[in-house]
>>> print(open('final.tsv').read())   # TSV, C-alpha atoms
chain	number	residue	atom	x	y	z
Z	13	MET	CA	32.14	-195.19	11.47
Z	14	THR	CA	32.74	-191.45	10.99
Z	15	THR	CA	34.93	-190.49	8.03
Z	16	TRP	CA	37.30	-187.51	7.76
Z	17	LEU	CA	39.22	-186.22	4.77
Z	18	PRO	CA	42.80	-187.61	4.82
Z	19	LEU	CA	45.71	-185.33	5.72
Z	20	GLU	CA	48.49	-184.76	3.21
Z	21	SER	CA	51.98	-185.95	4.25
Z	22	ASN	CA	53.37	-182.45	3.82
Z	23	PRO	CA	55.30	-180.80	6.70
Z	24	GLU	CA	53.98	-177.35	5.75
Z	25	VAL	CA	50.37	-178.56	6.10
Z	26	LEU	CA	51.09	-180.53	9.30
Z	27	ASN	CA	52.87	-177.56	10.92
Z	28	LYS	CA	49.94	-175.28	10.19
Z	29	TYR	CA	47.71	-177.93	11.76
Z	30	LEU	CA	49.89	-178.17	14.88
Z	31	GLY	CA	49.69	-174.39	15.24
Z	32	GLN	CA	45.90	-174.36	14.93
Z	33	LEU	CA	45.62	-177.19	17.46
Z	34	GLY	CA	47.61	-175.12	19.97
Z	35	VAL	CA	51.03	-176.80	19.94
Z	36	SER	CA	53.99	-174.55	20.80
Z	37	PRO	CA	55.68	-173.05	17.68
Z	38	LEU	CA	59.03	-174.13	19.16
Z	39	TRP	CA	58.38	-177.55	17.58
Z	40	ASN	CA	57.66	-178.50	14.00
Z	41	VAL	CA	57.54	-181.39	11.53
Z	42	VAL	CA	60.29	-181.88	8.94
Z	43	ASP	CA	60.89	-184.39	6.17
Z	44	ILE	CA	63.42	-187.17	6.79
Z	45	TYR	CA	64.88	-187.72	3.35
Z	46	GLY	CA	66.44	-191.14	3.77
Z	47	THR	CA	68.03	-193.77	5.97
Z	48	ASP	CA	71.69	-193.10	5.10
Z	49	GLU	CA	73.86	-191.75	7.92
Z	50	GLU	CA	74.54	-188.55	5.92
Z	51	LEU	CA	70.83	-187.84	5.45
Z	52	MET	CA	69.95	-188.66	9.07
Z	53	ALA	CA	72.60	-186.16	10.18
Z	54	PHE	CA	70.43	-183.38	8.71
Z	55	VAL	CA	67.54	-184.14	11.08
Z	56	PRO	CA	67.51	-181.54	13.90
Z	57	GLN	CA	67.85	-182.94	17.41
Z	58	PRO	CA	66.31	-183.80	19.77
Z	59	LEU	CA	63.85	-185.82	17.70
Z	60	LYS	CA	60.63	-186.12	19.71
Z	61	SER	CA	58.81	-188.51	17.38
Z	62	LEU	CA	59.24	-190.16	13.99
Z	63	ILE	CA	56.03	-190.13	11.93
Z	64	PHE	CA	55.83	-192.84	9.27
Z	65	LEU	CA	53.44	-193.06	6.32
Z	66	PHE	CA	53.20	-196.41	4.55
Z	67	PRO	CA	50.85	-198.31	2.21
Z	68	CYS	CA	48.26	-200.65	3.72
Z	69	SER	CA	49.07	-203.47	1.30
Z	70	ASP	CA	47.91	-207.09	1.57
Z	71	ALA	CA	51.37	-207.97	2.94
Z	72	TYR	CA	50.98	-205.38	5.71
Z	73	GLU	CA	47.43	-206.41	6.64
Z	74	GLU	CA	48.49	-210.05	6.83
Z	75	TYR	CA	51.43	-209.16	9.08
Z	76	ARG	CA	49.23	-206.90	11.28
Z	77	ALA	CA	46.70	-209.70	11.89
Z	78	LYS	CA	49.48	-212.17	12.79
Z	79	GLU	CA	51.23	-209.68	15.09
Z	80	ASP	CA	47.95	-208.83	16.84
Z	81	ALA	CA	47.15	-212.48	17.56
Z	82	GLU	CA	50.67	-213.17	18.87
Z	83	LEU	CA	50.72	-210.12	21.16
Z	84	LYS	CA	47.20	-210.72	22.52
Z	85	ALA	CA	48.34	-214.20	23.57
Z	86	LYS	CA	51.25	-212.69	25.52
Z	87	ASN	CA	49.00	-210.22	27.42
Z	88	ILE	CA	51.75	-207.56	27.64
Z	89	GLU	CA	51.30	-204.63	30.04
Z	90	HIS	CA	52.31	-201.12	28.95
Z	91	PRO	CA	53.04	-198.13	31.20
Z	92	LYS	CA	49.91	-196.16	32.05
Z	93	SER	CA	51.94	-192.97	31.51
Z	94	LEU	CA	52.26	-193.82	27.79
Z	95	PHE	CA	49.51	-191.91	25.94
Z	96	TYR	CA	47.84	-194.27	23.47
Z	97	MET	CA	44.48	-194.00	21.73
Z	98	ARG	CA	42.44	-196.17	19.38
Z	99	GLN	CA	41.28	-194.98	15.96
Z	100	TYR	CA	37.52	-194.98	15.38
Z	101	VAL	CA	37.41	-192.36	12.59
Z	102	HIS	CA	38.29	-193.30	8.99
Z	103	ASN	CA	41.26	-191.23	7.74
Z	104	ALA	CA	42.04	-189.81	11.20
Z	105	CYS	CA	45.42	-191.59	11.31
Z	106	GLY	CA	47.39	-188.41	10.51
Z	107	THR	CA	45.75	-186.56	13.39
Z	108	ILE	CA	46.23	-189.52	15.73
Z	109	ALA	CA	49.93	-189.81	14.80
Z	110	LEU	CA	50.41	-186.11	15.63
Z	111	VAL	CA	48.49	-186.48	18.90
Z	112	HIS	CA	50.62	-189.50	19.87
Z	113	ALA	CA	53.80	-187.58	18.94
Z	114	VAL	CA	52.91	-184.45	20.93
Z	115	LEU	CA	51.16	-185.85	24.01
Z	116	ASN	CA	53.96	-188.33	24.78
Z	117	ASN	CA	56.38	-185.42	25.12
Z	118	PRO	CA	55.30	-183.35	28.14
Z	119	ASP	CA	58.02	-180.75	27.49
Z	120	ILE	CA	56.13	-179.69	24.33
Z	121	GLU	CA	53.94	-176.85	25.58
Z	122	LEU	CA	50.24	-176.67	24.74
Z	123	GLU	CA	48.41	-173.36	24.62
Z	124	GLU	CA	45.82	-172.98	27.40
Z	125	GLY	CA	42.27	-173.23	26.07
Z	126	SER	CA	43.46	-174.69	22.73
Z	127	VAL	CA	41.91	-177.63	20.88
Z	128	ILE	CA	44.68	-180.07	21.85
Z	129	LYS	CA	44.95	-178.85	25.47
Z	130	LYS	CA	41.21	-179.34	26.00
Z	131	TYR	CA	41.46	-182.78	24.42
Z	132	TRP	CA	44.45	-183.70	26.63
Z	133	ASP	CA	42.67	-182.54	29.79
Z	134	ALA	CA	39.61	-184.64	28.90
Z	135	ALA	CA	41.54	-187.70	27.64
Z	136	LYS	CA	44.58	-188.10	29.89
Z	137	ASP	CA	42.89	-190.30	32.51
Z	138	LYS	CA	40.78	-192.31	30.03
Z	139	THR	CA	41.34	-195.69	28.39
Z	140	PRO	CA	42.71	-195.90	24.81
Z	141	GLU	CA	39.19	-196.77	23.65
Z	142	GLU	CA	37.59	-193.83	25.48
Z	143	ARG	CA	40.25	-191.48	24.05
Z	144	GLY	CA	39.37	-192.66	20.53
Z	145	LYS	CA	35.67	-192.02	21.16
Z	146	LEU	CA	36.44	-188.59	22.60
Z	147	LEU	CA	38.21	-187.62	19.38
Z	148	GLU	CA	35.38	-188.98	17.26
Z	149	ASN	CA	32.88	-186.79	19.15
Z	150	ASP	CA	35.09	-183.68	19.42
Z	151	ALA	CA	33.44	-181.17	17.07
Z	152	THR	CA	36.24	-178.58	17.34
Z	153	PHE	CA	38.97	-181.13	16.59
Z	154	THR	CA	36.92	-182.43	13.64
Z	155	GLU	CA	36.45	-178.93	12.25
Z	156	THR	CA	40.15	-178.05	12.63
Z	157	HIS	CA	41.13	-181.27	10.85
Z	158	GLU	CA	38.72	-180.68	7.96
Z	159	VAL	CA	39.99	-177.14	7.34
Z	160	ILE	CA	43.61	-178.35	7.18
Z	161	ALA	CA	42.78	-181.44	5.08
Z	162	ASN	CA	41.40	-179.11	2.40
Z	163	GLU	CA	44.58	-176.99	2.32
Z	164	GLY	CA	47.18	-179.40	0.92
Z	165	GLN	CA	49.11	-178.95	-2.31
Z	166	THR	CA	47.05	-181.67	-3.97
Z	167	ALA	CA	43.28	-181.53	-4.35
Z	168	ALA	CA	41.46	-183.14	-1.42
Z	169	PRO	CA	40.03	-186.54	-2.44
Z	170	ASP	CA	36.36	-187.42	-2.18
Z	171	ILE	CA	35.60	-188.16	1.48
Z	172	ASN	CA	34.35	-191.66	0.56
Z	173	GLU	CA	37.35	-192.55	-1.60
Z	174	LYS	CA	39.39	-195.47	-0.19
Z	175	VAL	CA	42.71	-194.25	1.22
Z	176	TYR	CA	45.62	-196.65	0.78
Z	177	HIS	CA	48.20	-195.07	3.13
Z	178	HIS	CA	48.40	-194.95	6.92
Z	179	PHE	CA	50.24	-192.72	9.44
Z	180	ILE	CA	51.80	-194.03	12.67
Z	181	ALA	CA	54.16	-192.50	15.25
Z	182	PHE	CA	57.26	-193.78	17.06
Z	183	VAL	CA	58.20	-192.32	20.45
Z	184	HIS	CA	60.71	-192.87	23.23
Z	185	HIS	CA	59.07	-193.57	26.60
Z	186	GLU	CA	60.85	-194.70	29.78
Z	187	GLY	CA	63.82	-196.12	27.87
Z	188	LYS	CA	61.75	-198.03	25.32
Z	189	LEU	CA	60.80	-197.48	21.67
Z	190	TYR	CA	57.05	-197.58	21.07
Z	191	GLU	CA	55.13	-197.80	17.82
Z	192	LEU	CA	51.75	-196.09	18.26
Z	193	ASP	CA	49.11	-197.04	15.70
Z	194	GLY	CA	45.43	-196.44	16.53
Z	195	ARG	CA	44.38	-199.33	14.28
Z	196	LYS	CA	46.25	-201.80	16.48
Z	197	SER	CA	44.87	-203.16	19.73
Z	198	PHE	CA	47.72	-201.75	21.83
Z	199	PRO	CA	51.11	-200.02	21.60
Z	200	ILE	CA	53.94	-202.11	20.12
Z	201	GLN	CA	57.21	-202.06	22.07
Z	202	HIS	CA	60.35	-202.45	19.95
Z	203	GLY	CA	63.02	-202.78	22.64
Z	204	GLU	CA	65.30	-200.22	24.23
Z	205	THR	CA	66.07	-196.73	22.94
Z	206	SER	CA	67.00	-193.28	24.22
Z	207	PRO	CA	66.28	-189.70	23.09
Z	208	GLU	CA	69.65	-189.71	21.29
Z	209	LYS	CA	69.03	-193.06	19.55
Z	210	LEU	CA	65.32	-192.61	18.76
Z	211	LEU	CA	65.91	-191.58	15.13
Z	212	TYR	CA	68.14	-194.57	14.36
Z	213	ASP	CA	66.04	-197.12	16.25
Z	214	ALA	CA	62.72	-195.93	14.78
Z	215	ILE	CA	64.18	-195.95	11.26
Z	216	ALA	CA	65.32	-199.55	11.83
Z	217	VAL	CA	61.66	-200.51	12.45
Z	218	CYS	CA	60.54	-198.52	9.38
Z	219	GLN	CA	63.08	-200.50	7.35
Z	220	GLN	CA	61.37	-203.71	8.50
Z	221	TYR	CA	58.08	-202.34	7.11
Z	222	ILE	CA	59.80	-201.53	3.81
Z	223	ALA	CA	61.46	-204.98	3.65
Z	224	ARG	CA	58.06	-206.70	4.10
Z	225	ASP	CA	56.79	-204.89	0.99
Z	226	PRO	CA	59.69	-204.94	-1.50
Z	227	LYS	CA	57.54	-203.94	-4.50
Z	228	GLU	CA	56.36	-200.74	-2.77
Z	229	VAL	CA	58.16	-197.40	-2.89
Z	230	ARG	CA	55.52	-195.12	-1.38
Z	231	PHE	CA	56.93	-194.63	2.12
Z	232	THR	CA	57.39	-191.27	3.87
Z	233	MET	CA	59.24	-190.43	7.11
Z	234	MET	CA	58.93	-187.16	9.02
Z	235	GLY	CA	60.24	-185.98	12.38
Z	236	LEU	CA	58.82	-183.80	15.15
Z	237	VAL	CA	61.83	-181.68	16.06
Z	238	PRO	CA	62.82	-178.24	17.44
Z	239	THR	CA	61.96	-175.41	15.05
Z	240	GLN	CA	65.13	-174.07	13.43
>>> encode(input="final.tsv", output="structure tokens")
Amino acid sequence: MTTWLPLESNPEVLNKYLGQLGVSPLWNVVDIYGTDEELMAFVPQPLKSLIFLFPCSDAYEEYRAKEDAELKAKNIEHPKSLFYMRQYVHNACGTIALVHAVLNNPDIELEEGSVIKKYWDAAKDKTPEERGKLLENDATFTETHEVIANEGQTAAPDINEKVYHHFIAFVHHEGKLYELDGRKSFPIQHGETSPEKLLYDAIAVCQQYIARDPKEVRFTMMGLVPTQ
């Protein structure tokens, strides 16, 4: 499996990355500082996606395996209009979370001829597995990622160093809340939501992650929102 350098969970770095990929500057990533009503009120609206970074602990991996087996048995269908891709590149989860966040919001403009527009044009009619392989073999996307991964506030780790944290994205699609994680076999639907309720409903799912791992404190939430 191909390995990339991990992205830093830093809005400044992620916004530079979005710009280099060709995402409209009208949208950017901001920190979400907590789950209290007062702190959530500071998040600009409309929220297009909540991006969540969490530790891949033993408790999480055990839950993921159980959830996967249960959902495979149910054989749930998801809308074909929901953009979902599998992850076949180590440490590409930050990129995949951003791609899921942006490409499930068609009102976010993509620059013609840009890295992400070319990827979208090639990937939109493919399967989740084919989309993952397209990213793995996309030299321009790989190069853009590597440049940004080296630009964080902390020194970039060795490319072969095991990374303990994982990025996923939550989006609203056709009245439902979806968790999009390229390491899972399919999107996870978490019931009904709306553009207005996305922040609150996605945070409720994040709180379930946090509750499953009570000894952990290394969780980060960010939002893709209108640039202020």
>>> closest_residue(input="final.tsv", among="Z:Leu110, Z:Leu17, Z:Ala181, Z:Ser61", to="Glu155 of chain Z", atoms="all atoms listed in the file")
Z:Leu17
>>> closest_residue(input="final.tsv", among="Z:Arg224, Z:Lys138, Z:Arg230, Z:His157", to="Tyr72 of chain Z", atoms="all atoms listed in the file")
Z:Arg224
>>> closest_residue(input="final.tsv", among="Z:Gly194, Z:Pro91, Z:Pro238, Z:Gly125", to="Asn27 of chain Z", atoms="only C-alpha atoms")
Z:Pro238
>>> residues_near_point(input="final.tsv", point="(37.6, -193.4, 17.0)", cutoff="7 Å", atoms="all atoms listed in the file", output="list of chain:residue names")
Z:Arg98, Z:Gln99, Z:Tyr100, Z:Val101, Z:Gly144, Z:Lys145, Z:Leu147, Z:Glu148
>>> closest_atom_pairs(input="final.tsv", of="segment 81-183 of chain Z", to="segment 207-223 of chain Z", cutoff="12 Å", atoms="all atoms listed in the file", output="Markdown table")
| residue | atom | partner | partner_atom | distance |
| --- | --- | --- | --- | --- |
| Z:Asn117 | CA | Z:Pro207 | CA | 11.0 |
| Z:Phe179 | CA | Z:Cys218 | CA | 11.8 |
| Z:Ile180 | CA | Z:Cys218 | CA | 10.4 |
| Z:Ala181 | CA | Z:Ala214 | CA | 9.2 |
| Z:Phe182 | CA | Z:Ala214 | CA | 6.3 |
| Z:Val183 | CA | Z:Leu210 | CA | 7.3 |
>>> closest_residue(input="final.tsv", among="Z:Ser197, Z:Thr239, Z:Thr139, Z:Thr152", to="Val42 of chain Z", atoms="all atoms listed in the file")
Z:Thr239
>>> build_atoms(input="final.tsv", residues="segment 183-194 of chain Z", atoms="all heavy atoms", output="PDB file, in the frame of the given file")
ATOM      1  N   VAL Z 183      57.737-193.200  19.367  1.00  0.00           N
ATOM      2  CA  VAL Z 183      58.200-192.320  20.450  1.00  0.00           C
ATOM      3  C   VAL Z 183      59.103-193.083  21.405  1.00  0.00           C
ATOM      4  O   VAL Z 183      59.038-194.315  21.503  1.00  0.00           O
ATOM      5  CB  VAL Z 183      57.008-191.703  21.245  1.00  0.00           C
ATOM      6  CG1 VAL Z 183      56.114-190.869  20.340  1.00  0.00           C
ATOM      7  CG2 VAL Z 183      56.206-192.784  21.970  1.00  0.00           C
ATOM      8  N   HIS Z 184      59.923-192.327  22.117  1.00  0.00           N
ATOM      9  CA  HIS Z 184      60.710-192.870  23.230  1.00  0.00           C
ATOM     10  C   HIS Z 184      59.897-192.649  24.506  1.00  0.00           C
ATOM     11  O   HIS Z 184      59.374-191.558  24.736  1.00  0.00           O
ATOM     12  CB  HIS Z 184      62.038-192.117  23.337  1.00  0.00           C
ATOM     13  CG  HIS Z 184      62.710-192.302  24.663  1.00  0.00           C
ATOM     14  ND1 HIS Z 184      62.641-191.362  25.688  1.00  0.00           N
ATOM     15  CD2 HIS Z 184      63.447-193.333  25.154  1.00  0.00           C
ATOM     16  CE1 HIS Z 184      63.311-191.807  26.721  1.00  0.00           C
ATOM     17  NE2 HIS Z 184      63.808-192.986  26.435  1.00  0.00           N
ATOM     18  N   HIS Z 185      59.780-193.706  25.324  1.00  0.00           N
ATOM     19  CA  HIS Z 185      59.070-193.570  26.600  1.00  0.00           C
ATOM     20  C   HIS Z 185      59.710-194.509  27.614  1.00  0.00           C
ATOM     21  O   HIS Z 185      59.743-195.734  27.411  1.00  0.00           O
ATOM     22  CB  HIS Z 185      57.583-193.900  26.444  1.00  0.00           C
ATOM     23  CG  HIS Z 185      56.779-193.619  27.675  1.00  0.00           C
ATOM     24  ND1 HIS Z 185      56.342-192.351  28.013  1.00  0.00           N
ATOM     25  CD2 HIS Z 185      56.355-194.438  28.662  1.00  0.00           C
ATOM     26  CE1 HIS Z 185      55.669-192.410  29.146  1.00  0.00           C
ATOM     27  NE2 HIS Z 185      55.665-193.662  29.572  1.00  0.00           N
ATOM     28  N   GLU Z 186      60.255-193.921  28.677  1.00  0.00           N
ATOM     29  CA  GLU Z 186      60.850-194.700  29.780  1.00  0.00           C
ATOM     30  C   GLU Z 186      61.877-195.722  29.270  1.00  0.00           C
ATOM     31  O   GLU Z 186      61.888-196.889  29.682  1.00  0.00           O
ATOM     32  CB  GLU Z 186      59.754-195.393  30.602  1.00  0.00           C
ATOM     33  CG  GLU Z 186      58.850-194.397  31.320  1.00  0.00           C
ATOM     34  CD  GLU Z 186      57.784-195.059  32.179  1.00  0.00           C
ATOM     35  OE1 GLU Z 186      57.691-196.314  32.181  1.00  0.00           O
ATOM     36  OE2 GLU Z 186      57.036-194.326  32.854  1.00  0.00           O
ATOM     37  N   GLY Z 187      62.737-195.268  28.340  1.00  0.00           N
ATOM     38  CA  GLY Z 187      63.820-196.120  27.870  1.00  0.00           C
ATOM     39  C   GLY Z 187      63.449-197.123  26.805  1.00  0.00           C
ATOM     40  O   GLY Z 187      64.287-197.940  26.397  1.00  0.00           O
ATOM     41  N   LYS Z 188      62.202-197.077  26.334  1.00  0.00           N
ATOM     42  CA  LYS Z 188      61.750-198.030  25.320  1.00  0.00           C
ATOM     43  C   LYS Z 188      61.263-197.285  24.074  1.00  0.00           C
ATOM     44  O   LYS Z 188      60.823-196.140  24.137  1.00  0.00           O
ATOM     45  CB  LYS Z 188      60.585-198.892  25.864  1.00  0.00           C
ATOM     46  CG  LYS Z 188      60.893-199.632  27.155  1.00  0.00           C
ATOM     47  CD  LYS Z 188      61.912-200.739  26.950  1.00  0.00           C
ATOM     48  CE  LYS Z 188      62.125-201.536  28.244  1.00  0.00           C
ATOM     49  NZ  LYS Z 188      63.238-202.481  28.120  1.00  0.00           N
ATOM     50  N   LEU Z 189      61.322-197.995  22.935  1.00  0.00           N
ATOM     51  CA  LEU Z 189      60.800-197.480  21.670  1.00  0.00           C
ATOM     52  C   LEU Z 189      59.396-198.048  21.476  1.00  0.00           C
ATOM     53  O   LEU Z 189      59.205-199.267  21.502  1.00  0.00           O
ATOM     54  CB  LEU Z 189      61.701-197.920  20.513  1.00  0.00           C
ATOM     55  CG  LEU Z 189      61.181-197.638  19.097  1.00  0.00           C
ATOM     56  CD1 LEU Z 189      61.053-196.141  18.840  1.00  0.00           C
ATOM     57  CD2 LEU Z 189      62.092-198.284  18.051  1.00  0.00           C
ATOM     58  N   TYR Z 190      58.429-197.149  21.279  1.00  0.00           N
ATOM     59  CA  TYR Z 190      57.050-197.580  21.070  1.00  0.00           C
ATOM     60  C   TYR Z 190      56.551-197.149  19.701  1.00  0.00           C
ATOM     61  O   TYR Z 190      56.757-196.017  19.279  1.00  0.00           O
ATOM     62  CB  TYR Z 190      56.119-196.995  22.144  1.00  0.00           C
ATOM     63  CG  TYR Z 190      56.246-197.690  23.476  1.00  0.00           C
ATOM     64  CD1 TYR Z 190      57.074-197.170  24.464  1.00  0.00           C
ATOM     65  CD2 TYR Z 190      55.564-198.874  23.743  1.00  0.00           C
ATOM     66  CE1 TYR Z 190      57.223-197.815  25.687  1.00  0.00           C
ATOM     67  CE2 TYR Z 190      55.701-199.522  24.970  1.00  0.00           C
ATOM     68  CZ  TYR Z 190      56.527-198.987  25.933  1.00  0.00           C
ATOM     69  OH  TYR Z 190      56.665-199.624  27.136  1.00  0.00           O
ATOM     70  N   GLU Z 191      55.870-198.077  19.042  1.00  0.00           N
ATOM     71  CA  GLU Z 191      55.130-197.800  17.820  1.00  0.00           C
ATOM     72  C   GLU Z 191      53.677-197.590  18.232  1.00  0.00           C
ATOM     73  O   GLU Z 191      53.072-198.455  18.885  1.00  0.00           O
ATOM     74  CB  GLU Z 191      55.244-199.005  16.873  1.00  0.00           C
ATOM     75  CG  GLU Z 191      54.360-198.924  15.645  1.00  0.00           C
ATOM     76  CD  GLU Z 191      54.363-200.237  14.867  1.00  0.00           C
ATOM     77  OE1 GLU Z 191      55.357-201.008  14.964  1.00  0.00           O
ATOM     78  OE2 GLU Z 191      53.374-200.497  14.167  1.00  0.00           O
ATOM     79  N   LEU Z 192      53.110-196.440  17.855  1.00  0.00           N
ATOM     80  CA  LEU Z 192      51.750-196.090  18.260  1.00  0.00           C
ATOM     81  C   LEU Z 192      50.883-195.983  17.003  1.00  0.00           C
ATOM     82  O   LEU Z 192      51.062-195.097  16.174  1.00  0.00           O
ATOM     83  CB  LEU Z 192      51.752-194.773  19.038  1.00  0.00           C
ATOM     84  CG  LEU Z 192      52.661-194.777  20.286  1.00  0.00           C
ATOM     85  CD1 LEU Z 192      52.683-193.412  20.939  1.00  0.00           C
ATOM     86  CD2 LEU Z 192      52.235-195.853  21.280  1.00  0.00           C
ATOM     87  N   ASP Z 193      49.962-196.919  16.881  1.00  0.00           N
ATOM     88  CA  ASP Z 193      49.110-197.040  15.700  1.00  0.00           C
ATOM     89  C   ASP Z 193      47.690-197.295  16.205  1.00  0.00           C
ATOM     90  O   ASP Z 193      47.403-198.357  16.762  1.00  0.00           O
ATOM     91  CB  ASP Z 193      49.615-198.204  14.835  1.00  0.00           C
ATOM     92  CG  ASP Z 193      48.749-198.471  13.608  1.00  0.00           C
ATOM     93  OD1 ASP Z 193      47.658-197.885  13.497  1.00  0.00           O
ATOM     94  OD2 ASP Z 193      49.171-199.268  12.754  1.00  0.00           O
ATOM     95  N   GLY Z 194      46.797-196.331  16.005  1.00  0.00           N
ATOM     96  CA  GLY Z 194      45.430-196.440  16.530  1.00  0.00           C
ATOM     97  C   GLY Z 194      44.628-197.589  15.954  1.00  0.00           C
ATOM     98  O   GLY Z 194      43.595-197.961  16.515  1.00  0.00           O
TER      99      GLY Z 194
END
